2 protein chains.
Amino acid sequence: MSLAPWRSAIASALDHNSSLVYARYLQLATVRVNGLPANRTLVFRGFLEATNQLKFITDSRTEKIEQIQQQPWAEACWYFPHTREQFRITGTLTLVAGGDSQHDLAPARITTWQELNDAARLQFAWPHSGKPRNKDEQAAFFPPPPDSRQPLPNFCLLLLDPIQVDHLVLRKEPQNRWLYYHDDQSGWTTQEINP
Amino acid sequence: MSLAPWRSAIASALDHNSSLVYARYLQLATVRVNGLPANRTLVFRGFLEATNQLKFITDSRTEKIEQIQQQPWAEACWYFPHTREQFRITGTLTLVAGGDSQHDLAPARITTWQELNDAARLQFAWPHSGKPRNKDEQAAFFPPPPDSRQPLPNFCLLLLDPIQVDHLVLRKEPQNRWLYYHDDQSGWTTQEINP
């Protein structure tokens, strides 16, 4: 696998925004089962080794699981504040859940769990997100720390495999914009387009 | 019209993040004509007077116009870095374009244009966004400033009328989350849910 041509632009943006924790947050749009759009912030967890796929984590109890099972296409929008640039990353999602022990990526799911910090792992032991809050059960949000080696069953690895990346740089006059797109014959093509 | 109950939370977030220009940027997800998700950063331009509708601006030459005409539902995801909170705002979009001179909101479109700064207005005089860049025509990106009173025909006002707002606050232990949803009988209902 060779690095896609947009990888160096992402690497540069991450480097120049590294003082901002939230420069690793992006917004992932999916389509709901009823055909309407959904959008939420996720933390970028690096690229899956030897691929151009972006890694995220999620909980099997969230609504996006059903959405992705029906419609795996997604578009991530990633804005970098310091360098004033936006990446729109279009591609398909792959979920690796706790029951997928025979999946090629089951080992990657376990490694990703092991690389989390304690606070991130703890959230997977919390009550079901989105359900009504029971204020009498505050202790449920302070569970014992889960095993740092073996993921909880509801922990999922989520991968975004890009087929198009639209990179807009606002900081120059005039602005600059590039479109990267992939097809199986030609691989990645780069085109400069109007901002 | 009364202010929706989530308006005070947005006002507070804007206030506590006012030192960050990009705290007014959010990501708007729509559905493409082919059923796949789209997502891009927009600048929040305040609320339409005497309503709970969020104001944005856009160009009639962008892809989102056709998307919105076919599927007006959208979900905005708005993350505030200083206060570590996220609003997911679900609702329907209304476009007010240059040809809509009889539209109730045609005056609001004109006022929004007049309130922009010169640099924002100038972008509507640029070449068609998303088309291949012609480096021999750099002058096209330095047009004369458009009339500050009369909008260019491709300038559109875009409004998001929320029907649900999901507010997640990460900064406390445990985190807090509220769901606000609207129906015509009961108006707005607020429910505290698990983060």
# chains A, B, ... in the order shown; residues from 1 in each chain; ligands from 1
$ select_by_dssp --residues "region 41-74 of chain B" --states "alpha helix (DSSP H)" --output "JSON, numbers by chain"
{"B": [64, 65, 66, 67, 68, 69, 70]}
$ write_last_selection --atoms "C-alpha atoms" --output "compact mmCIF listing (two decimals), in the first residue's frame"
# COMPACT_ATOMS: atom_id res chain seq x y z
CA LYS B 64 -25.88 21.77 -1.45
CA ILE B 65 -28.63 23.76 -3.23
CA GLU B 66 -29.80 20.74 -5.21
CA GLN B 67 -29.43 18.53 -2.12
CA ILE B 68 -31.62 20.83 -0.03
CA GLN B 69 -34.26 21.14 -2.72
CA GLN B 70 -34.64 17.36 -2.74
$ residues_around --residues "Gln123 (chain B)" --least-positions-apart "2" --cutoff "12 Å" --atoms "only C-alpha atoms" --output "ChimeraX atom specification"
/A:170,173-175,194-195 /B:57-59,61,113,116-121,125-129,140-146,151-152,154-155
$ closest_residue --among "A:Thr41, A:Thr51, A:Gln102, A:Thr190" --to "chain B" --atoms "only C-alpha atoms"
A:Thr41
$ closest_residue --among "A:Gln150, A:Trp178, A:Ser2, A:Trp188" --to "Ala50 (chain A)" --atoms "only C-alpha atoms"
A:Ser2
$ atom_distance --atom1 "CA of Thr112 (chain A)" --atom2 "CA of Ser60 (chain A)"
15.4 Å
$ residues_around --residues "Leu26 (chain A)" --least-positions-apart "6" --cutoff "8 Å" --atoms "only C-alpha atoms" --output "VMD selection string"
chain A and resid 41 to 44 76 to 79
$ closest_atom_pairs --of "chain B" --to "chain A" --cutoff "7 Å" --atoms "only C-alpha atoms" --output "JSON lines"
{"residue": "B:Tyr22", "atom": "CA", "partner": "A:Pro81", "partner_atom": "CA", "distance": 6.7}
{"residue": "B:Gln27", "atom": "CA", "partner": "A:Gln27", "partner_atom": "CA", "distance": 6.8}
{"residue": "B:Ala29", "atom": "CA", "partner": "A:Ala29", "partner_atom": "CA", "distance": 5.8}
{"residue": "B:Thr30", "atom": "CA", "partner": "A:Pro37", "partner_atom": "CA", "distance": 5.6}
{"residue": "B:Val31", "atom": "CA", "partner": "A:Pro37", "partner_atom": "CA", "distance": 5.9}
{"residue": "B:Leu36", "atom": "CA", "partner": "A:Trp73", "partner_atom": "CA", "distance": 6.2}
{"residue": "B:Pro37", "atom": "CA", "partner": "A:Thr30", "partner_atom": "CA", "distance": 5.6}
{"residue": "B:Ala38", "atom": "CA", "partner": "A:Glu75", "partner_atom": "CA", "distance": 5.7}
{"residue": "B:Asn39", "atom": "CA", "partner": "A:Cys77", "partner_atom": "CA", "distance": 5.8}
{"residue": "B:Arg40", "atom": "CA", "partner": "A:Cys77", "partner_atom": "CA", "distance": 5.8}
{"residue": "B:Trp73", "atom": "CA", "partner": "A:Leu36", "partner_atom": "CA", "distance": 6.2}
{"residue": "B:Ala74", "atom": "CA", "partner": "A:Pro37", "partner_atom": "CA", "distance": 5.8}
{"residue": "B:Glu75", "atom": "CA", "partner": "A:Ala38", "partner_atom": "CA", "distance": 5.7}
{"residue": "B:Ala76", "atom": "CA", "partner": "A:Asn39", "partner_atom": "CA", "distance": 6.7}
{"residue": "B:Cys77", "atom": "CA", "partner": "A:Arg40", "partner_atom": "CA", "distance": 5.8}
{"residue": "B:Pro81", "atom": "CA", "partner": "A:Tyr22", "partner_atom": "CA", "distance": 6.7}
{"residue": "B:Arg88", "atom": "CA", "partner": "A:Arg40", "partner_atom": "CA", "distance": 6.9}
{"residue": "B:Pro127", "atom": "CA", "partner": "A:Asn194", "partner_atom": "CA", "distance": 7.0}
{"residue": "B:His128", "atom": "CA", "partner": "A:Asn194", "partner_atom": "CA", "distance": 6.7}
{"residue": "B:Ser129", "atom": "CA", "partner": "A:Asn194", "partner_atom": "CA", "distance": 4.7}
{"residue": "B:Gly130", "atom": "CA", "partner": "A:Asn194", "partner_atom": "CA", "distance": 5.1}
{"residue": "B:Lys131", "atom": "CA", "partner": "A:Ile193", "partner_atom": "CA", "distance": 5.4}
{"residue": "B:Pro132", "atom": "CA", "partner": "A:Ile193", "partner_atom": "CA", "distance": 4.2}
{"residue": "B:Arg133", "atom": "CA", "partner": "A:Ile193", "partner_atom": "CA", "distance": 4.4}
{"residue": "B:Phe141", "atom": "CA", "partner": "A:Pro174", "partner_atom": "CA", "distance": 6.2}
{"residue": "B:Pro174", "atom": "CA", "partner": "A:Phe141", "partner_atom": "CA", "distance": 6.2}
{"residue": "B:Glu192", "atom": "CA", "partner": "A:Arg133", "partner_atom": "CA", "distance": 5.6}
{"residue": "B:Ile193", "atom": "CA", "partner": "A:Pro132", "partner_atom": "CA", "distance": 4.2}
{"residue": "B:Asn194", "atom": "CA", "partner": "A:Ser129", "partner_atom": "CA", "distance": 4.7}
{"residue": "B:Pro195", "atom": "CA", "partner": "A:Ser129", "partner_atom": "CA", "distance": 5.2}
$ write_last_selection --atoms "N, CA, C and O atoms" --output "short mmCIF file (atom, residue, chain, number, x, y, z; two decimals), in the first residue's frame"
data_model
loop_
_atom_site.label_atom_id
_atom_site.label_comp_id
_atom_site.auth_asym_id
_atom_site.auth_seq_id
_atom_site.Cartn_x
_atom_site.Cartn_y
_atom_site.Cartn_z
N TYR B 22 -13.45 30.77 15.46
CA TYR B 22 -14.00 29.54 14.86
C TYR B 22 -15.03 28.86 15.76
O TYR B 22 -15.58 27.82 15.38
N GLN B 27 -20.62 22.33 11.54
CA GLN B 27 -20.64 21.42 10.39
C GLN B 27 -22.08 21.04 10.09
O GLN B 27 -22.81 20.59 10.98
N ALA B 29 -24.64 18.73 8.01
CA ALA B 29 -24.81 17.50 7.22
C ALA B 29 -26.13 17.55 6.47
O ALA B 29 -27.17 17.90 7.03
N THR B 30 -26.07 17.20 5.19
CA THR B 30 -27.26 17.06 4.35
C THR B 30 -27.15 15.72 3.64
O THR B 30 -26.18 14.99 3.80
N VAL B 31 -28.19 15.40 2.84
CA VAL B 31 -28.17 14.16 2.07
C VAL B 31 -28.07 14.53 0.59
O VAL B 31 -28.82 15.37 0.09
N LEU B 36 -26.41 9.69 -0.46
CA LEU B 36 -25.23 9.60 0.41
C LEU B 36 -25.07 10.90 1.20
O LEU B 36 -25.55 11.96 0.79
N PRO B 37 -24.39 10.83 2.34
CA PRO B 37 -24.27 12.03 3.19
C PRO B 37 -23.26 13.03 2.67
O PRO B 37 -22.27 12.67 2.02
N ALA B 38 -23.51 14.31 2.95
CA ALA B 38 -22.57 15.40 2.66
C ALA B 38 -22.40 16.20 3.94
O ALA B 38 -23.28 16.23 4.80
N ASN B 39 -21.24 16.86 4.08
CA ASN B 39 -20.92 17.54 5.33
C ASN B 39 -19.92 18.65 5.03
O ASN B 39 -18.94 18.43 4.33
N ARG B 40 -20.19 19.86 5.54
CA ARG B 40 -19.26 20.97 5.31
C ARG B 40 -19.37 21.98 6.45
O ARG B 40 -20.39 22.04 7.15
N TRP B 73 -34.11 18.20 5.12
CA TRP B 73 -33.65 17.89 6.48
C TRP B 73 -32.13 17.97 6.58
O TRP B 73 -31.42 17.55 5.66
N ALA B 74 -31.67 18.48 7.71
CA ALA B 74 -30.24 18.62 7.93
C ALA B 74 -29.93 18.38 9.40
O ALA B 74 -30.83 18.44 10.26
N GLU B 75 -28.66 18.10 9.69
CA GLU B 75 -28.23 18.06 11.09
C GLU B 75 -26.91 18.83 11.20
O GLU B 75 -25.92 18.48 10.55
N ALA B 76 -26.95 19.88 12.01
CA ALA B 76 -25.74 20.64 12.29
C ALA B 76 -25.07 20.05 13.52
O ALA B 76 -25.74 19.68 14.49
N CYS B 77 -23.74 19.96 13.47
CA CYS B 77 -22.97 19.53 14.64
C CYS B 77 -22.04 20.68 15.01
O CYS B 77 -21.24 21.13 14.19
N PRO B 81 -14.97 24.50 21.68
CA PRO B 81 -13.73 23.98 22.28
C PRO B 81 -13.49 24.41 23.73
O PRO B 81 -13.10 23.57 24.55
N ARG B 88 -26.03 18.99 18.71
CA ARG B 88 -26.46 18.40 17.44
C ARG B 88 -27.86 18.95 17.17
O ARG B 88 -28.79 18.68 17.95
N PRO B 127 -15.12 33.05 -9.35
CA PRO B 127 -15.55 32.01 -10.28
C PRO B 127 -16.30 30.88 -9.55
O PRO B 127 -16.20 30.74 -8.33
N HIS B 128 -16.98 30.10 -10.35
CA HIS B 128 -17.84 29.00 -9.88
C HIS B 128 -17.03 28.02 -9.01
O HIS B 128 -16.12 27.36 -9.51
N SER B 129 -17.40 27.89 -7.73
CA SER B 129 -16.63 27.02 -6.83
C SER B 129 -16.79 25.56 -7.26
O SER B 129 -17.85 25.15 -7.74
N GLY B 130 -15.71 24.80 -7.07
CA GLY B 130 -15.73 23.38 -7.40
C GLY B 130 -15.36 23.07 -8.85
O GLY B 130 -15.07 21.92 -9.17
N LYS B 131 -15.36 24.08 -9.73
CA LYS B 131 -14.94 23.86 -11.12
C LYS B 131 -13.40 23.84 -11.19
O LYS B 131 -12.73 24.39 -10.31
N PRO B 132 -12.84 23.24 -12.27
CA PRO B 132 -11.38 23.19 -12.36
C PRO B 132 -10.79 24.60 -12.30
O PRO B 132 -11.32 25.55 -12.88
N ARG B 133 -9.66 24.71 -11.60
CA ARG B 133 -9.01 26.01 -11.43
C ARG B 133 -8.22 26.36 -12.69
O ARG B 133 -7.47 25.53 -13.20
N PHE B 141 -10.22 36.15 -9.32
CA PHE B 141 -10.39 36.08 -7.86
C PHE B 141 -10.15 37.44 -7.19
O PHE B 141 -10.17 37.54 -5.97
N PRO B 174 -19.70 12.91 36.18
CA PRO B 174 -19.85 12.42 34.81
C PRO B 174 -20.33 13.52 33.89
O PRO B 174 -20.72 14.59 34.35
N GLU B 192 -33.47 14.96 30.29
CA GLU B 192 -32.07 14.68 30.59
C GLU B 192 -31.79 13.22 30.23
O GLU B 192 -32.55 12.31 30.62
N ILE B 193 -30.71 12.99 29.47
CA ILE B 193 -30.40 11.63 29.01
C ILE B 193 -28.95 11.28 29.35
O ILE B 193 -28.15 12.14 29.70
N ASN B 194 -28.65 9.98 29.23
CA ASN B 194 -27.27 9.53 29.52
C ASN B 194 -26.30 10.06 28.47
O ASN B 194 -26.62 10.07 27.28
N PRO B 195 -25.12 10.49 28.90
CA PRO B 195 -24.13 11.00 27.94
C PRO B 195 -23.60 9.85 27.06
O PRO B 195 -23.81 8.68 27.36
#
$ select_by_dssp --residues "chain A" --states "strand (DSSP E or B)" --output "VMD selection string"
chain A and resid 25 to 31 37 to 43 47 54 to 59 73 to 80 85 to 96 132 155 to 169 176 to 183 187 to 193
$ atom_distance --atom1 "CA of Arg7 (chain B)" --atom2 "CA of Asn52 (chain B)"
7.7 Å
$ atom_distance --atom1 "CA of Pro162 (chain B)" --atom2 "CA of Ser18 (chain B)"
22.8 Å
$ residues_around --residues "Asp100 (chain A)" --least-positions-apart "3" --cutoff "12 Å" --atoms "only C-alpha atoms" --output "VMD selection string"
chain A and resid 94 to 97 103 to 110 153 to 157
$ closest_residue --among "B:Glu115, B:Trp6, B:Gly99, B:Met1" --to "His167 (chain B)" --atoms "only C-alpha atoms"
B:Trp6
$ closest_residue --among "B:Leu93, B:Thr83, B:Thr111, B:Ile163" --to "Asp15 (chain B)" --atoms "only C-alpha atoms"
B:Thr83
